[in-house]
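The structure appears below as C-alpha cells.
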Amino acid sequence: MIKFRGMPGIAALTACGMMAMLAPAMAGSESGNVMVRVLGSVVDPDTDATVSAGGAVLPGANADVSTEVIPALTLSYFFNKNVAIELFCCFAKHQIDGAGTLAPLGEIADTWIFPPAVTLQYHFDNMGAFKPYVGAGIQYIHFFSEGTGDNVLGATSVDIDDAVGFTLQAGLDYSLGGGWYLNADVKKTWLNTDVTWHNNAALGGADVNGDADIDPWIFSAGLGYRFNLEDVFGSRESAALK
C-alpha cells in the first residue's frame, strides 16, 4: 500500500520557492557545475526477513515495509561535462507489518528514516536536450523514533540497526533552457538490518529478532536548476564591493 507520509510537504514547497528566488541571482547554465533538484519520490522497499524468538526461527514468518511517497532533494557537483557526484536526501516514516505467518498481527513496528545516498554518475551529452545518466554509490539509512505499532506482541520497545548498502542509479535530465531541467530517476539499494522487539509480553518476556533485507527501490521525478557555483560567490563579492 502506498502512503503519503514523511517530511512535511511545506518543506518541498519552501525548497521550490528558494530555487525560484535564487535563480535570478544565479545565471542558469546548461554546462554549470552545480545542479539542485526538488523531487517527489516513491520509496518502495523490497523486504524479506527471517524472524526468530528465543533463538528459534519462526517458520514462514516475514515482514513487509510500507511504500511511501515523499518530497526529496538532490545536490549534484559536476567535475566535468560527463562526471558528477550526487547527494540524495529526504526523511520518511515507514510502517512495518507482519507477513507470512505473522500477517494476522498487522502493524508490528513503525520508524522514521533518514536515508542519504551518494552516487558517482556518468552523464551522456550527445543527445541534445535529453541528458541520460547512470550512477553507482552507497546509501546509509538511519532509523530513529522507532515505535511498536499496534503492539500485539506487547513489546516494551523496538530497535532497528542503522544500515549501509550498495546503490545503482539511472536517470534522465531534460533541458527546458536557462539552466532548468525536468528529471526522472530510479535508484535500487541492497542493504540488511537487524530489528529487535524487546520484552514481548505475548511470549513471556522474550525478545523477537528480525534479520531483514530491505532493498528499496526509489522512483523520483521533479524539477532541477543548474548553474555555476562561481557565479554565486561572484554575486556576493560584487554586492560587498558596492
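Please note that chains go A, B, ... in the order of the C-alpha cells, that every chain numbers its residues from 1, and that ligands are numbered from 1 in the order shown.
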
Apply DSSP to the structure's backbone, then extract all residues of region 46-135 of chain A labelled strand (DSSP E or B) and return them as a PyMOL selection string.
chain A and resi 48-53+56-57+61-65+67-78+83-89+92-100+107-114+117-123+130-135

Tell me which protein, DNA and RNA residues are within 7 Å of Val42 (chain A), counting only C-alpha atoms, leaving out same-chain ones fewer than 2 positions away, and put them as a PDB file with all heavy atoms, in the first residue's frame.
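That gives us around-v1.pdb:
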ATOM      1  N   ASP A  44       9.976   2.349  -2.246  1.00  0.00           N
ATOM      2  CA  ASP A  44       9.283   1.062  -2.300  1.00  0.00           C
ATOM      3  C   ASP A  44      10.235  -0.044  -1.837  1.00  0.00           C
ATOM      4  O   ASP A  44      10.961  -0.627  -2.649  1.00  0.00           O
ATOM      5  CB  ASP A  44       8.801   0.805  -3.729  1.00  0.00           C
ATOM      6  CG  ASP A  44       8.014  -0.493  -3.856  1.00  0.00           C
ATOM      7  OD1 ASP A  44       7.575  -1.018  -2.807  1.00  0.00           O
ATOM      8  OD2 ASP A  44       7.844  -0.982  -4.987  1.00  0.00           O
ATOM      9  N   GLU A  68       6.144   4.444   0.577  1.00  0.00           N
ATOM     10  CA  GLU A  68       5.810   5.818   0.933  1.00  0.00           C
ATOM     11  C   GLU A  68       6.106   6.772  -0.225  1.00  0.00           C
ATOM     12  O   GLU A  68       7.035   6.545  -1.011  1.00  0.00           O
ATOM     13  CB  GLU A  68       6.613   6.275   2.156  1.00  0.00           C
ATOM     14  CG  GLU A  68       6.463   5.375   3.365  1.00  0.00           C
ATOM     15  CD  GLU A  68       5.076   5.401   3.968  1.00  0.00           C
ATOM     16  OE1 GLU A  68       4.326   6.368   3.705  1.00  0.00           O
ATOM     17  OE2 GLU A  68       4.732   4.457   4.710  1.00  0.00           O
ATOM     18  N   VAL A  69       5.316   7.846  -0.325  1.00  0.00           N
ATOM     19  CA  VAL A  69       5.552   8.922  -1.290  1.00  0.00           C
ATOM     20  C   VAL A  69       5.988  10.151  -0.505  1.00  0.00           C
ATOM     21  O   VAL A  69       5.277  10.615   0.392  1.00  0.00           O
ATOM     22  CB  VAL A  69       4.286   9.235  -2.102  1.00  0.00           C
ATOM     23  CG1 VAL A  69       4.545  10.367  -3.086  1.00  0.00           C
ATOM     24  CG2 VAL A  69       3.804   7.984  -2.835  1.00  0.00           C
ATOM     25  N   ILE A  70       7.170  10.680  -0.831  1.00  0.00           N
ATOM     26  CA  ILE A  70       7.769  11.741  -0.019  1.00  0.00           C
ATOM     27  C   ILE A  70       8.422  12.800  -0.903  1.00  0.00           C
ATOM     28  O   ILE A  70       8.776  12.532  -2.057  1.00  0.00           O
ATOM     29  CB  ILE A  70       8.852  11.169   0.924  1.00  0.00           C
ATOM     30  CG1 ILE A  70       9.950  10.468   0.103  1.00  0.00           C
ATOM     31  CG2 ILE A  70       8.246  10.218   1.938  1.00  0.00           C
ATOM     32  CD1 ILE A  70      11.149  10.031   0.896  1.00  0.00           C
ATOM     33  N   ILE A 218      13.777   3.412  -5.286  1.00  0.00           N
ATOM     34  CA  ILE A 218      13.388   4.812  -5.114  1.00  0.00           C
ATOM     35  C   ILE A 218      13.142   5.405  -6.503  1.00  0.00           C
ATOM     36  O   ILE A 218      14.075   5.545  -7.302  1.00  0.00           O
ATOM     37  CB  ILE A 218      14.458   5.627  -4.367  1.00  0.00           C
ATOM     38  CG1 ILE A 218      14.748   5.005  -2.999  1.00  0.00           C
ATOM     39  CG2 ILE A 218      14.004   7.082  -4.205  1.00  0.00           C
ATOM     40  CD1 ILE A 218      15.866   5.699  -2.240  1.00  0.00           C
ATOM     41  N   PHE A 219      11.879   5.720  -6.785  1.00  0.00           N
ATOM     42  CA  PHE A 219      11.489   6.317  -8.064  1.00  0.00           C
ATOM     43  C   PHE A 219      11.219   7.800  -7.837  1.00  0.00           C
ATOM     44  O   PHE A 219      10.426   8.149  -6.954  1.00  0.00           O
ATOM     45  CB  PHE A 219      10.236   5.639  -8.621  1.00  0.00           C
ATOM     46  CG  PHE A 219      10.360   4.144  -8.775  1.00  0.00           C
ATOM     47  CD1 PHE A 219       9.914   3.291  -7.769  1.00  0.00           C
ATOM     48  CD2 PHE A 219      10.925   3.600  -9.914  1.00  0.00           C
ATOM     49  CE1 PHE A 219      10.025   1.911  -7.906  1.00  0.00           C
ATOM     50  CE2 PHE A 219      11.041   2.222 -10.064  1.00  0.00           C
ATOM     51  CZ  PHE A 219      10.595   1.374  -9.054  1.00  0.00           C
ATOM     52  N   SER A 220      11.864   8.660  -8.636  1.00  0.00           N
ATOM     53  CA  SER A 220      11.752  10.104  -8.416  1.00  0.00           C
ATOM     54  C   SER A 220      11.462  10.842  -9.711  1.00  0.00           C
ATOM     55  O   SER A 220      11.867  10.408 -10.798  1.00  0.00           O
ATOM     56  CB  SER A 220      13.045  10.666  -7.807  1.00  0.00           C
ATOM     57  OG  SER A 220      13.353  10.052  -6.566  1.00  0.00           O
TER      58      SER A 220
END

For region 123-129 of chain A, please output as a PyMOL selection string all residues within 9 Å (counting only C-alpha atoms; exclusion window: fewer than 6 positions along the same chain).
chain A and resi 81-84+135+172-177

Closest contacts (region 161-233 of chain A/region 87-96 of chain A, max 12 Å, only C-alpha atoms) as a tab-separated table:
residue	atom	partner	partner_atom	distance
A:Thr167	CA	A:Phe88	CA	11.5
A:Gln169	CA	A:Phe88	CA	11.3
A:Asp185	CA	A:Phe88	CA	11.1
A:Val186	CA	A:Phe88	CA	11.6
A:Lys187	CA	A:Phe88	CA	10.3
A:Val195	CA	A:Ile96	CA	10.7
A:Gly210	CA	A:Ile96	CA	11.6
A:Ala212	CA	A:Ile96	CA	11.2
A:Ile214	CA	A:Ile96	CA	11.0
A:Pro216	CA	A:His94	CA	11.9
A:Ile218	CA	A:Phe88	CA	10.6
A:Ser220	CA	A:Phe88	CA	10.6

Preceding selection exported with C-alpha atoms as a PDB file, in the first residue's frame:
ATOM      1  CA  THR A 167      23.219   1.635  -4.771  1.00  0.00           C
ATOM      2  CA  GLN A 169      21.056   4.516 -10.373  1.00  0.00           C
ATOM      3  CA  ASP A 185      15.365   8.930 -11.765  1.00  0.00           C
ATOM      4  CA  VAL A 186      15.378   5.416 -10.320  1.00  0.00           C
ATOM      5  CA  LYS A 187      17.662   4.001  -7.642  1.00  0.00           C
ATOM      6  CA  VAL A 195      15.264  -5.496  14.200  1.00  0.00           C
ATOM      7  CA  GLY A 210      14.355  -9.994  12.676  1.00  0.00           C
ATOM      8  CA  ALA A 212      15.751  -8.072   7.271  1.00  0.00           C
ATOM      9  CA  ILE A 214      15.060  -4.086   2.887  1.00  0.00           C
ATOM     10  CA  PRO A 216      14.421  -0.309  -1.528  1.00  0.00           C
ATOM     11  CA  ILE A 218      13.388   4.812  -5.114  1.00  0.00           C
ATOM     12  CA  SER A 220      11.752  10.104  -8.416  1.00  0.00           C
TER      13      SER A 220
END

Calculated over only C-alpha atoms, which of the candidates A:Leu203, A:Ala53, A:Ile160, A:Val152 has the smallest distance to Thr111 (chain A)?
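Of all the options, A:Ile160 lies closest to Thr111 (chain A).
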